[in-house]
file model34.txt (compact mmCIF, C-alpha atoms and all ligand atoms)
# COMPACT_ATOMS: atom_id res chain seq x y z
CA MET A 1 45.04 -29.56 -2.41
CA VAL A 2 41.84 -28.00 -3.70
CA ASN A 3 41.59 -24.36 -2.65
CA GLY A 4 38.51 -22.45 -1.67
CA GLU A 5 37.47 -23.52 1.83
CA LEU A 6 35.68 -20.66 3.54
CA VAL A 7 35.09 -20.51 7.28
CA LEU A 8 33.14 -17.85 9.15
CA GLU A 9 33.57 -17.73 12.91
CA GLY A 10 31.20 -15.79 15.13
CA LEU A 11 30.73 -13.18 12.41
CA THR A 12 28.80 -10.15 13.64
CA LYS A 13 28.04 -6.78 12.06
CA THR A 14 26.03 -4.22 13.96
CA TYR A 15 24.71 -0.91 12.65
CA GLY A 16 23.71 1.19 15.65
CA ASP A 17 21.96 -1.29 17.90
CA HIS A 18 20.79 -3.48 15.01
CA ALA A 19 22.72 -6.67 14.25
CA ALA A 20 22.67 -7.16 10.45
CA VAL A 21 24.75 -10.33 10.94
CA ASP A 22 24.57 -12.02 14.31
CA ARG A 23 27.23 -14.50 15.50
CA LEU A 24 27.30 -16.41 12.23
CA ASP A 25 29.30 -19.66 12.10
CA LEU A 26 29.63 -21.33 8.70
CA ARG A 27 31.98 -23.72 6.94
CA VAL A 28 31.87 -23.89 3.16
CA GLU A 29 33.88 -26.76 1.69
CA ALA A 30 36.30 -26.20 -1.18
CA GLY A 31 34.49 -26.58 -4.51
CA GLU A 32 31.02 -26.49 -3.04
CA PHE A 33 28.02 -24.71 -4.56
CA PHE A 34 26.77 -23.14 -1.36
CA SER A 35 23.70 -20.90 -1.12
CA ILE A 36 22.74 -18.38 1.49
CA LEU A 37 18.97 -18.14 1.53
CA GLY A 38 16.70 -15.83 3.48
CA PRO A 39 14.14 -13.03 3.26
CA SER A 40 14.97 -9.44 2.40
CA GLY A 41 17.02 -7.73 5.10
CA CYS A 42 18.20 -10.93 6.81
CA GLY A 43 21.88 -10.08 6.30
CA LYS A 44 22.83 -11.98 3.14
CA SER A 45 24.57 -9.14 1.31
CA THR A 46 26.25 -7.92 4.48
CA THR A 47 27.73 -11.39 4.99
CA LEU A 48 29.02 -11.47 1.43
CA LYS A 49 30.47 -7.97 1.68
CA ILE A 50 32.38 -9.02 4.80
CA VAL A 51 33.76 -12.10 3.02
CA GLY A 52 34.73 -9.94 0.02
CA GLY A 53 36.43 -7.41 2.27
CA PHE A 54 34.14 -4.47 1.46
CA VAL A 55 32.70 -4.26 4.98
CA SER A 56 34.64 -5.03 8.14
CA PRO A 57 32.85 -7.07 10.80
CA THR A 58 32.16 -5.73 14.28
CA SER A 59 33.51 -9.02 15.60
CA GLY A 60 34.28 -12.51 14.35
CA ARG A 61 36.69 -13.81 11.75
CA VAL A 62 36.86 -14.96 8.13
CA PHE A 63 39.23 -17.73 7.06
CA ILE A 64 40.04 -18.80 3.52
CA ASP A 65 41.94 -22.07 3.32
CA GLY A 66 42.87 -21.73 6.96
CA ASN A 67 44.27 -18.20 6.63
CA ASP A 68 42.70 -15.40 8.63
CA VAL A 69 41.76 -12.79 5.99
CA THR A 70 39.51 -10.68 8.25
CA CYS A 71 41.76 -7.63 8.04
CA LEU A 72 42.99 -8.01 4.44
CA PRO A 73 41.80 -5.57 1.74
CA PRO A 74 39.60 -7.03 -1.06
CA ASN A 75 42.43 -7.25 -3.61
CA ARG A 76 44.54 -9.40 -1.26
CA ARG A 77 41.86 -12.08 -0.87
CA SER A 78 41.42 -14.84 -3.44
CA VAL A 79 37.77 -13.88 -3.69
CA ASN A 80 35.69 -12.20 -6.38
CA THR A 81 32.17 -10.89 -6.31
CA VAL A 82 29.47 -10.78 -8.96
CA PHE A 83 26.88 -8.20 -8.00
CA GLN A 84 23.23 -8.03 -8.87
CA ASN A 85 23.62 -5.04 -11.19
CA TYR A 86 26.54 -6.38 -13.30
CA ALA A 87 28.39 -3.02 -13.03
CA LEU A 88 30.11 -3.37 -16.42
CA PHE A 89 32.14 -0.46 -17.78
CA PRO A 90 29.83 0.96 -20.48
CA PHE A 91 32.65 2.55 -22.50
CA LEU A 92 34.68 -0.68 -22.75
CA THR A 93 33.99 -3.65 -25.04
CA VAL A 94 33.14 -7.09 -23.68
CA ARG A 95 36.79 -8.18 -24.11
CA GLN A 96 38.10 -5.05 -22.41
CA ASN A 97 35.67 -5.51 -19.53
CA VAL A 98 36.82 -9.09 -19.02
CA ALA A 99 40.51 -8.21 -19.40
CA PHE A 100 40.32 -5.27 -16.98
CA GLY A 101 41.34 -7.15 -13.84
CA LEU A 102 44.11 -9.02 -15.65
CA ARG A 103 45.59 -5.73 -16.90
CA ARG A 104 45.56 -4.36 -13.39
CA ALA A 105 47.30 -7.51 -12.20
CA ARG A 106 49.91 -6.89 -14.96
CA VAL A 107 49.36 -10.24 -16.61
CA GLY A 108 51.45 -10.53 -19.81
CA LYS A 109 49.80 -9.91 -23.19
CA ARG A 110 49.82 -13.49 -24.53
CA GLU A 111 48.62 -14.96 -21.25
CA LEU A 112 45.93 -12.28 -21.10
CA ILE A 113 44.60 -13.06 -24.58
CA ARG A 114 44.58 -16.77 -23.85
CA ARG A 115 42.69 -16.39 -20.57
CA VAL A 116 40.13 -13.95 -21.96
CA ASP A 117 39.46 -16.29 -24.94
CA GLU A 118 39.10 -19.23 -22.60
CA VAL A 119 36.66 -17.57 -20.24
CA LEU A 120 34.56 -16.04 -23.06
CA GLU A 121 34.21 -19.52 -24.48
CA LEU A 122 33.19 -20.79 -21.06
CA VAL A 123 30.31 -18.30 -20.85
CA GLN A 124 29.47 -18.75 -24.55
CA LEU A 125 30.28 -15.21 -25.62
CA SER A 126 33.25 -15.85 -27.94
CA THR A 127 31.60 -14.00 -30.81
CA PHE A 128 30.54 -11.02 -28.67
CA GLY A 129 34.01 -9.77 -27.68
CA HIS A 130 33.87 -6.54 -29.67
CA ARG A 131 30.42 -5.42 -28.62
CA ASN A 132 29.67 -2.82 -26.01
CA PRO A 133 27.59 -3.78 -22.94
CA SER A 134 24.72 -1.63 -24.24
CA GLU A 135 24.51 -3.94 -27.27
CA LEU A 136 23.86 -7.02 -25.11
CA SER A 137 20.77 -8.51 -23.47
CA GLY A 138 20.53 -8.63 -19.67
CA GLY A 139 21.49 -12.30 -19.63
CA GLN A 140 24.50 -11.68 -21.85
CA GLN A 141 25.62 -8.77 -19.68
CA GLN A 142 25.37 -11.02 -16.65
CA ARG A 143 27.55 -13.59 -18.38
CA VAL A 144 30.16 -10.88 -19.05
CA ALA A 145 30.08 -10.03 -15.33
CA LEU A 146 30.64 -13.71 -14.54
CA ALA A 147 33.50 -13.96 -17.03
CA ARG A 148 35.11 -10.86 -15.56
CA ALA A 149 35.07 -12.41 -12.09
CA LEU A 150 36.11 -15.92 -13.22
CA VAL A 151 39.03 -14.78 -15.37
CA LEU A 152 40.93 -13.84 -12.21
CA ARG A 153 40.60 -17.45 -11.01
CA PRO A 154 39.47 -16.74 -7.48
CA ASP A 155 39.35 -19.60 -4.99
CA VAL A 156 35.94 -18.38 -3.89
CA LEU A 157 33.36 -16.72 -6.14
CA LEU A 158 30.66 -14.71 -4.38
CA LEU A 159 27.41 -14.15 -6.25
CA ASP A 160 24.88 -11.70 -4.81
CA GLU A 161 21.50 -12.44 -6.43
CA PRO A 162 23.15 -12.32 -9.87
CA LEU A 163 20.01 -13.37 -11.74
CA SER A 164 17.39 -11.24 -10.02
CA ALA A 165 17.21 -8.61 -12.78
CA LEU A 166 16.37 -11.20 -15.43
CA ASP A 167 12.99 -12.46 -16.61
CA ALA A 168 11.84 -15.92 -15.51
CA LYS A 169 12.92 -17.74 -18.67
CA MET A 170 16.38 -16.19 -18.87
CA ARG A 171 16.76 -16.82 -15.17
CA ARG A 172 16.10 -20.54 -15.52
CA GLN A 173 18.48 -20.77 -18.47
CA LEU A 174 21.28 -19.04 -16.57
CA GLN A 175 20.63 -21.21 -13.49
CA VAL A 176 21.45 -24.25 -15.61
CA GLU A 177 24.46 -22.52 -17.18
CA LEU A 178 25.79 -21.43 -13.79
CA LYS A 179 25.56 -24.97 -12.46
CA GLU A 180 27.45 -26.30 -15.49
CA LEU A 181 30.01 -23.53 -15.15
CA HIS A 182 30.52 -24.45 -11.51
CA ARG A 183 31.16 -28.08 -12.45
CA GLU A 184 33.67 -27.01 -15.10
CA VAL A 185 35.73 -24.55 -13.06
CA GLY A 186 35.50 -26.31 -9.68
CA THR A 187 35.68 -23.00 -7.78
CA THR A 188 33.76 -22.57 -4.53
CA PHE A 189 30.54 -20.67 -5.28
CA VAL A 190 28.75 -18.80 -2.51
CA TYR A 191 25.41 -17.83 -3.99
CA ILE A 192 22.89 -15.48 -2.45
CA THR A 193 19.20 -15.75 -3.20
CA HIS A 194 15.88 -15.15 -1.50
CA ASP A 195 14.21 -17.71 -3.78
CA GLN A 196 13.96 -21.10 -2.09
CA GLU A 197 13.34 -22.95 -5.34
CA GLU A 198 16.42 -21.43 -6.90
CA ALA A 199 18.50 -22.36 -3.86
CA MET A 200 17.22 -25.94 -3.94
CA THR A 201 17.83 -26.41 -7.69
CA MET A 202 21.35 -25.09 -7.68
CA SER A 203 23.08 -25.89 -4.41
CA ASP A 204 25.06 -28.66 -2.78
CA ARG A 205 24.11 -27.10 0.55
CA ILE A 206 21.96 -24.23 1.74
CA ALA A 207 22.25 -21.98 4.79
CA VAL A 208 18.94 -20.42 5.81
CA LEU A 209 19.27 -17.03 7.53
CA GLN A 210 16.78 -15.00 9.50
CA ASN A 211 17.51 -11.71 11.28
CA GLY A 212 21.23 -12.18 10.73
CA ARG A 213 21.20 -15.60 12.39
CA LEU A 214 21.75 -19.04 10.97
CA GLU A 215 18.53 -21.05 11.20
CA GLN A 216 19.72 -24.24 9.53
CA VAL A 217 22.34 -25.50 7.14
CA GLY A 218 22.15 -28.67 5.07
CA ALA A 219 21.59 -30.30 1.68
CA PRO A 220 18.42 -29.10 -0.11
CA SER A 221 16.55 -32.32 0.69
CA GLU A 222 17.53 -32.10 4.37
CA VAL A 223 16.43 -28.51 4.75
CA TYR A 224 13.18 -29.20 2.91
CA GLU A 225 12.30 -32.57 4.44
CA ARG A 226 13.65 -32.02 7.93
CA PRO A 227 13.33 -28.34 8.75
CA GLN A 228 14.46 -27.74 12.31
CA THR A 229 12.59 -24.53 13.02
CA LEU A 230 9.19 -23.09 12.33
CA PHE A 231 10.79 -20.39 10.21
CA VAL A 232 12.59 -22.88 7.94
CA THR A 233 9.46 -25.03 7.69
CA GLN A 234 7.45 -22.09 6.42
CA PHE A 235 10.17 -20.47 4.32
CA MET A 236 10.95 -23.66 2.36
CA GLY A 237 7.69 -23.88 0.42
CA ILE A 238 4.17 -24.50 1.60
CA SER A 239 3.60 -26.41 4.82
CA ASN A 240 0.46 -27.41 6.63
CA MET A 241 0.67 -26.59 10.30
CA LEU A 242 -1.41 -28.64 12.73
CA HIS A 243 -2.00 -28.27 16.43
CA ALA A 244 -1.98 -31.65 18.15
CA THR A 245 -2.73 -32.80 21.67
CA VAL A 246 -0.05 -35.00 23.17
CA LEU A 247 -1.36 -38.26 24.71
CA PRO A 248 0.79 -40.83 26.51
CA ALA A 249 1.29 -44.30 25.01
CA ASN A 250 3.15 -47.49 25.84
CA ALA A 251 5.76 -46.85 23.17
CA GLY A 252 6.29 -43.35 21.75
CA TRP A 253 3.28 -41.05 22.08
CA VAL A 254 -0.01 -40.29 20.40
CA ALA A 255 -0.84 -37.04 18.58
CA ARG A 256 -4.53 -36.23 18.52
CA ILE A 257 -5.59 -33.95 15.66
CA GLY A 258 -9.31 -33.25 15.59
CA ASP A 259 -10.96 -36.64 16.04
CA ALA A 260 -8.03 -38.61 14.68
CA GLU A 261 -5.15 -40.13 16.62
CA PHE A 262 -1.68 -40.85 15.23
CA ALA A 263 0.91 -43.13 16.84
CA MET A 264 4.17 -41.18 16.93
CA ALA A 265 7.66 -42.60 17.43
CA GLY A 266 10.26 -41.11 19.78
CA SER A 267 10.06 -39.61 23.22
CA PRO A 268 6.90 -37.62 23.99
CA PRO A 269 7.11 -33.80 23.94
CA VAL A 270 7.07 -32.05 27.30
CA SER A 271 4.08 -29.82 26.68
CA GLY A 272 0.47 -30.98 26.34
CA THR A 273 0.02 -29.50 22.85
CA VAL A 274 2.47 -29.31 19.99
CA GLN A 275 2.61 -28.01 16.48
CA LEU A 276 3.21 -30.48 13.66
CA SER A 277 3.89 -29.70 10.04
CA ILE A 278 3.23 -31.81 6.96
CA ARG A 279 4.01 -31.02 3.33
CA PRO A 280 1.04 -30.84 0.90
CA GLU A 281 2.54 -33.60 -1.27
CA ARG A 282 2.35 -35.95 1.73
CA VAL A 283 -1.37 -35.39 2.22
CA ARG A 284 -3.23 -38.19 0.40
CA LEU A 285 -6.84 -37.96 -0.65
CA GLY A 286 -9.15 -40.98 -0.75
CA GLY A 287 -12.76 -41.33 -1.82
CA ALA A 288 -15.75 -40.44 0.36
CA GLY A 289 -16.14 -44.04 1.51
CA SER A 290 -12.50 -45.05 1.98
CA ALA A 291 -10.98 -45.55 5.38
CA GLY A 292 -9.04 -42.35 5.91
CA ALA A 293 -8.02 -40.84 9.19
CA LEU A 294 -9.93 -37.60 8.67
CA SER A 295 -12.96 -36.72 6.62
CA GLY A 296 -13.37 -33.30 5.02
CA VAL A 297 -14.78 -31.31 2.13
CA ILE A 298 -12.87 -29.75 -0.75
CA VAL A 299 -13.24 -25.97 -0.56
CA ASP A 300 -10.68 -24.83 -3.13
CA VAL A 301 -8.99 -26.26 -6.22
CA SER A 302 -5.95 -24.70 -7.96
CA TYR A 303 -4.46 -26.23 -11.04
CA VAL A 304 -0.70 -25.58 -11.19
CA GLY A 305 0.34 -27.72 -14.17
CA ALA A 306 2.26 -30.68 -12.77
CA ALA A 307 -0.06 -30.91 -9.77
CA THR A 308 -3.43 -29.77 -8.49
CA HIS A 309 -3.63 -28.17 -5.07
CA TYR A 310 -6.74 -28.92 -3.05
CA ARG A 311 -7.75 -27.20 0.16
CA VAL A 312 -9.76 -29.50 2.39
CA ALA A 313 -11.82 -28.19 5.31
CA PHE A 314 -12.67 -30.24 8.40
CA GLU A 315 -15.38 -29.86 11.00
CA ALA A 316 -13.06 -28.52 13.71
CA GLY A 317 -12.41 -25.42 11.54
CA MET A 318 -9.12 -26.88 10.36
CA THR A 319 -7.99 -26.81 6.72
CA LEU A 320 -5.23 -28.76 5.00
CA GLN A 321 -3.61 -28.32 1.62
CA ALA A 322 -2.97 -31.39 -0.52
CA ALA A 323 -0.83 -31.42 -3.67
CA VAL A 324 -1.90 -34.22 -6.01
CA PRO A 325 0.20 -34.99 -9.11
CA ASN A 326 -1.58 -34.64 -12.45
CA ASP A 327 -0.32 -38.00 -13.63
CA GLY A 328 -3.53 -39.47 -15.06
CA VAL A 329 -3.61 -41.93 -12.14
CA HIS A 330 -4.94 -39.68 -9.40
CA SER A 331 -8.53 -38.64 -9.94
CA VAL A 332 -9.55 -35.02 -10.40
CA ARG A 333 -11.87 -33.65 -7.71
CA ASN A 334 -14.26 -30.75 -7.43
CA ILE A 335 -15.23 -28.16 -4.88
CA GLY A 336 -17.84 -29.52 -2.48
CA GLU A 337 -16.72 -33.14 -2.83
CA ARG A 338 -16.34 -35.08 0.43
CA VAL A 339 -12.98 -36.85 0.74
CA SER A 340 -11.06 -38.83 3.30
CA VAL A 341 -7.59 -37.57 4.12
CA ASP A 342 -4.87 -40.03 4.89
CA LEU A 343 -1.84 -38.84 6.84
CA SER A 344 1.14 -40.98 7.88
CA PRO A 345 2.72 -40.21 11.26
CA GLU A 346 6.22 -40.50 9.74
CA ASP A 347 5.44 -37.53 7.46
CA PHE A 348 4.81 -35.25 10.44
CA ARG A 349 7.58 -32.91 11.58
CA LEU A 350 7.46 -31.82 15.16
CA ILE A 351 8.18 -28.11 15.43
CA GLY A 352 10.47 -27.60 18.42
CA GLU A 353 8.72 -26.24 21.50
CA GLN A 354 11.18 -23.37 21.73
CA GLN A 355 10.39 -22.29 18.16
CA LEU A 356 6.71 -22.58 18.98
CA ALA A 357 7.11 -20.03 21.72
CA GLU A 358 8.87 -17.62 19.32
CA ALA A 359 6.23 -17.90 16.60
CA PRO A 360 3.50 -15.28 16.41
CA ALA A 361 0.07 -16.78 17.13
CA ASN A 362 -1.42 -16.15 13.68
CA ASP A 363 1.35 -17.16 11.32
CA THR A 364 0.09 -20.62 10.47
CA ASP A 365 -0.05 -20.26 6.71
CA VAL A 366 -2.47 -22.95 5.78
CA VAL A 367 -4.09 -24.42 8.81
CA SER A 368 -5.96 -23.01 11.73
CA VAL A 369 -7.40 -25.39 14.25
CA GLY A 370 -10.09 -24.29 16.67
N1 LIG B 1 25.41 0.45 5.61
C1 LIG B 1 24.36 0.15 6.38
N2 LIG B 1 23.96 0.96 7.37
C2 LIG B 1 22.91 0.63 8.19
N3 LIG B 1 22.19 -0.51 8.07
C3 LIG B 1 22.54 -1.35 7.09
C4 LIG B 1 23.63 -1.09 6.20
N4 LIG B 1 23.74 -2.12 5.34
C5 LIG B 1 22.75 -2.98 5.66
N5 LIG B 1 22.03 -2.54 6.72
C6 LIG B 1 20.89 -3.23 7.36
O1 LIG B 1 21.30 -4.54 7.69
C7 LIG B 1 20.27 -5.47 7.41
C8 LIG B 1 20.76 -6.53 6.46
O2 LIG B 1 20.97 -5.96 5.18
P1 LIG B 1 21.45 -6.81 3.93
O3 LIG B 1 21.69 -5.89 2.80
O4 LIG B 1 22.58 -7.69 4.34
O5 LIG B 1 20.15 -7.71 3.67
P2 LIG B 1 19.87 -8.79 2.53
O6 LIG B 1 19.60 -10.07 3.22
O7 LIG B 1 20.95 -8.77 1.52
O8 LIG B 1 18.49 -8.25 1.90
P3 LIG B 1 17.99 -8.22 0.35
O9 LIG B 1 17.45 -9.59 0.05
O10 LIG B 1 16.88 -7.21 0.41
O11 LIG B 1 19.12 -7.80 -0.51
C9 LIG B 1 19.08 -4.68 6.90
O12 LIG B 1 18.20 -4.45 7.96
C10 LIG B 1 19.72 -3.39 6.42
O13 LIG B 1 18.83 -2.31 6.53
MG MG B 2 21.04 -8.21 -0.51
call {"tool": "encode", "arguments": {"input": "model34.txt", "output": "structure tokens"}}
result
Amino acid sequence: MVNGELVLEGLTKTYGDHAAVDRLDLRVEAGEFFSILGPSGCGKSTTLKIVGGFVSPTSGRVFIDGNDVTCLPPNRRSVNTVFQNYALFPFLTVRQNVAFGLRRARVGKRELIRRVDEVLELVQLSTFGHRNPSELSGGQQQRVALARALVLRPDVLLLDEPLSALDAKMRRQLQVELKELHREVGTTFVYITHDQEEAMTMSDRIAVLQNGRLEQVGAPSEVYERPQTLFVTQFMGISNMLHATVLPANAGWVARIGDAEFAMAGSPPVSGTVQLSIRPERVRLGGAGSAGALSGVIVDVSYVGAATHYRVAFEAGMTLQAAVPNDGVHSVRNIGERVSVDLSPEDFRLIGEQQLAEAPANDTDVVSVG
């Protein structure tokens, strides 16, 4: 049996009358690279501290491989944590830092040497064993912190924004290394980040948290392509938000946006107006004369390397963002140019009516329709 299945059941932590974690249910499969993603203060670290045994929950339970560990102290759980600020012992060498936990666990000398060698090789620091942490770069220090946690062979490794102190380049390099490391050791990784791109690049699955509550859990493509709430839609990259009028039809329903009508599949929404989202990469631009659904004018152009982002304004006061790949096939456009905008109904996501009610009136990030 592969170890490392983690289950959270109704996990809640309140401070005063504020719920830092609010009735959280999660199942992380053994061996998974699982990310917890959400904005600052949403309860990510609190969740991890509860799993690690450093904070006890107000209610709810934590299971590792089917065993209730809610009341066990940290050292009796097969879990290790890598914190954001490495927390290496400055007066010990790299080897001594890595061996520290093994010494405490009274692992024999030969076994200890073998395991420290093995893990230093794994994090590519074999030749750095005799240095002090102060003689290492940030990225190297972070790798020592990883080695120190991995050498104890936990079933579950918890990582609380371990790369956030590093510069962008080092961060990307360690993202790749961490993924490779995960494949090699096969341990369950629970990784905290507030960076949606990082979560998408690294994870098998992502849990999106807001205000201590689970918004959605799924594979990166699921969470990105089929966000179930307004919050997830907006948190997972840029989204165009459109207000549409619901019209009846023989099959499905019709969404009217400005002057254009789109035949939508599925049962019609209850309310007369709904909010739809569409990703910028699904907004296609045609020429001035081509038969697009909507006609607008380019009001802003931003070049971002692999793509160019265009903001298109329409007569009704609505704007849409389009991301067009810089592939030499799509033509480059300028501010003031009139374009037709082609949208496919299957690219629209209907934001649930309940989430609509919860959303503040002015939080549409790209679009406002009069
Ligand atoms: N010991 C504590 N006492 C009181 N409130 C706390 C305590 N620890 C955390 N909180 C509160 O609980 C909420 C969640 O905090 P937490 O550290 O889990 O957030 P986070 O998602 O990790 O944020 P960040 O991305 O900024 O690290 C915050 O509102 C925080 O102020
Ligand atoms: Mg945190």
call {"tool": "closest_residue", "arguments": {"input": "model34.txt", "among": "A:Glu118, A:Asp68, A:Asp17, A:Asp167", "to": "Leu150 of chain A", "atoms": "all atoms listed in the file"}}
result
A:Glu118
call {"tool": "residues_near_ligand", "arguments": {"input": "model34.txt", "ligand": "ligand LIG 1 (chain B)", "cutoff": "12 Å", "atoms": "all atoms listed in the file", "output": "ChimeraX atom specification"}}
result
/A:12-22,36-50,54-57,83-85,159-162,164,191-195,208-213
call {"tool": "axis_aligned_box", "arguments": {"input": "model34.txt", "around": "segment 329-342 of chain A", "padding_each_side": "6 Å", "output": "lines of an AutoDock Vina configuration file"}}
result
center_x = -10.7
center_y = -35.0
center_z = -3.6
size_x = 26.2
size_y = 25.8
size_z = 29.0
call {"tool": "closest_residue", "arguments": {"input": "model34.txt", "among": "A:Glu177, A:Glu215, A:Glu5, A:Asp155", "to": "Glu29 of chain A", "atoms": "all atoms listed in the file"}}
result
A:Glu5
call {"tool": "residues_around", "arguments": {"input": "model34.txt", "residues": "Arg27 of chain A", "least_positions_apart": "4", "cutoff": "7 Å", "atoms": "all atoms listed in the file", "output": "PyMOL selection string"}}
result
chain A and resi 6-8
call {"tool": "residues_around", "arguments": {"input": "model34.txt", "residues": "Phe262 of chain A", "least_positions_apart": "3", "cutoff": "9 Å", "atoms": "all atoms listed in the file", "output": "tab-separated table (two decimals) with C-alpha atoms, in the frame of the given file"}}
result
chain	number	residue	atom	x	y	z
A	253	TRP	CA	3.28	-41.05	22.08
A	254	VAL	CA	-0.01	-40.29	20.40
A	255	ALA	CA	-0.84	-37.04	18.58
A	256	ARG	CA	-4.53	-36.23	18.52
A	257	ILE	CA	-5.59	-33.95	15.66
A	293	ALA	CA	-8.02	-40.84	9.19
A	343	LEU	CA	-1.84	-38.84	6.84
A	344	SER	CA	1.14	-40.98	7.88
A	345	PRO	CA	2.72	-40.21	11.26
call {"tool": "closest_residue", "arguments": {"input": "model34.txt", "among": "A:Val312, A:Leu276, A:Val283, A:Ile335", "to": "Gln234 of chain A", "atoms": "all atoms listed in the file"}}
result
A:Leu276
call {"tool": "atom_distance", "arguments": {"input": "model34.txt", "atom1": "atom CA of Ala322 of chain A", "atom2": "atom CA of Val297 of chain A"}}
result
12.1 Å
call {"tool": "closest_residue", "arguments": {"input": "model34.txt", "among": "A:Arg205, A:Arg131, A:Arg77, A:Lys179", "to": "Arg153 of chain A", "atoms": "only C-alpha atoms"}}
result
A:Arg77
call {"tool": "atom_distance", "arguments": {"input": "model34.txt", "atom1": "atom CA of Ser221 of chain A", "atom2": "atom CA of Tyr310 of chain A"}}
result
23.8 Å
call {"tool": "residues_around", "arguments": {"input": "model34.txt", "residues": "Leu166 of chain A", "least_positions_apart": "6", "cutoff": "12 Å", "atoms": "all atoms listed in the file", "output": "PyMOL selection string"}}
result
chain A and resi 84-86+137-143+172-175
call {"tool": "write_last_selection", "arguments": {"input": "model34.txt", "atoms": "C-alpha atoms", "output": "PDB file, in the coordinates of the input"}}
result
ATOM      1  CA  GLN A  84      23.230  -8.030  -8.870  1.00  0.00           C
ATOM      2  CA  ASN A  85      23.620  -5.040 -11.190  1.00  0.00           C
ATOM      3  CA  TYR A  86      26.540  -6.380 -13.300  1.00  0.00           C
ATOM      4  CA  SER A 137      20.770  -8.510 -23.470  1.00  0.00           C
ATOM      5  CA  GLY A 138      20.530  -8.630 -19.670  1.00  0.00           C
ATOM      6  CA  GLY A 139      21.490 -12.300 -19.630  1.00  0.00           C
ATOM      7  CA  GLN A 140      24.500 -11.680 -21.850  1.00  0.00           C
ATOM      8  CA  GLN A 141      25.620  -8.770 -19.680  1.00  0.00           C
ATOM      9  CA  GLN A 142      25.370 -11.020 -16.650  1.00  0.00           C
ATOM     10  CA  ARG A 143      27.550 -13.590 -18.380  1.00  0.00           C
ATOM     11  CA  ARG A 172      16.100 -20.540 -15.520  1.00  0.00           C
ATOM     12  CA  GLN A 173      18.480 -20.770 -18.470  1.00  0.00           C
ATOM     13  CA  LEU A 174      21.280 -19.040 -16.570  1.00  0.00           C
ATOM     14  CA  GLN A 175      20.630 -21.210 -13.490  1.00  0.00           C
TER      15      GLN A 175
END
call {"tool": "atom_distance", "arguments": {"input": "model34.txt", "atom1": "atom CA of Ile64 of chain A", "atom2": "atom CA of Gly4 of chain A"}}
result
6.5 Å
call {"tool": "closest_atom_pairs", "arguments": {"input": "model34.txt", "of": "segment 237-286 of chain A", "to": "segment 327-333 of chain A", "cutoff": "12 Å", "atoms": "all atoms listed in the file", "output": "JSON lines"}}
result
{"residue": "A:Arg284", "atom": "CA", "partner": "A:His330", "partner_atom": "CA", "distance": 10.1}
{"residue": "A:Leu285", "atom": "CA", "partner": "A:His330", "partner_atom": "CA", "distance": 9.1}
{"residue": "A:Gly286", "atom": "CA", "partner": "A:Ser331", "partner_atom": "CA", "distance": 9.5}
call {"tool": "residues_around", "arguments": {"input": "model34.txt", "residues": "Leu122 of chain A", "least_positions_apart": "3", "cutoff": "8 Å", "atoms": "only C-alpha atoms", "output": "PyMOL selection string"}}
result
chain A and resi 118-119+125+147+181
call {"tool": "residues_around", "arguments": {"input": "model34.txt", "residues": "Ala145 of chain A", "least_positions_apart": "5", "cutoff": "8 Å", "atoms": "all atoms listed in the file", "output": "PyMOL selection string"}}
result
chain A and resi 82+86-88+98
call {"tool": "residues_near_point", "arguments": {"input": "model34.txt", "point": "(6.7, -32.1, 30.6)", "cutoff": "12 Å", "atoms": "only C-alpha atoms", "output": "MDAnalysis selection string"}}
result
chainID A and resid 246:248 267:274 353
call {"tool": "write_last_selection", "arguments": {"input": "model34.txt", "atoms": "C-alpha atoms", "output": "PDB file, in the frame of the given file"}}
result
ATOM      1  CA  VAL A 246      -0.050 -35.000  23.170  1.00  0.00           C
ATOM      2  CA  LEU A 247      -1.360 -38.260  24.710  1.00  0.00           C
ATOM      3  CA  PRO A 248       0.790 -40.830  26.510  1.00  0.00           C
ATOM      4  CA  SER A 267      10.060 -39.610  23.220  1.00  0.00           C
ATOM      5  CA  PRO A 268       6.900 -37.620  23.990  1.00  0.00           C
ATOM      6  CA  PRO A 269       7.110 -33.800  23.940  1.00  0.00           C
ATOM      7  CA  VAL A 270       7.070 -32.050  27.300  1.00  0.00           C
ATOM      8  CA  SER A 271       4.080 -29.820  26.680  1.00  0.00           C
ATOM      9  CA  GLY A 272       0.470 -30.980  26.340  1.00  0.00           C
ATOM     10  CA  THR A 273       0.020 -29.500  22.850  1.00  0.00           C
ATOM     11  CA  VAL A 274       2.470 -29.310  19.990  1.00  0.00           C
ATOM     12  CA  GLU A 353       8.720 -26.240  21.500  1.00  0.00           C
TER      13      GLU A 353
END
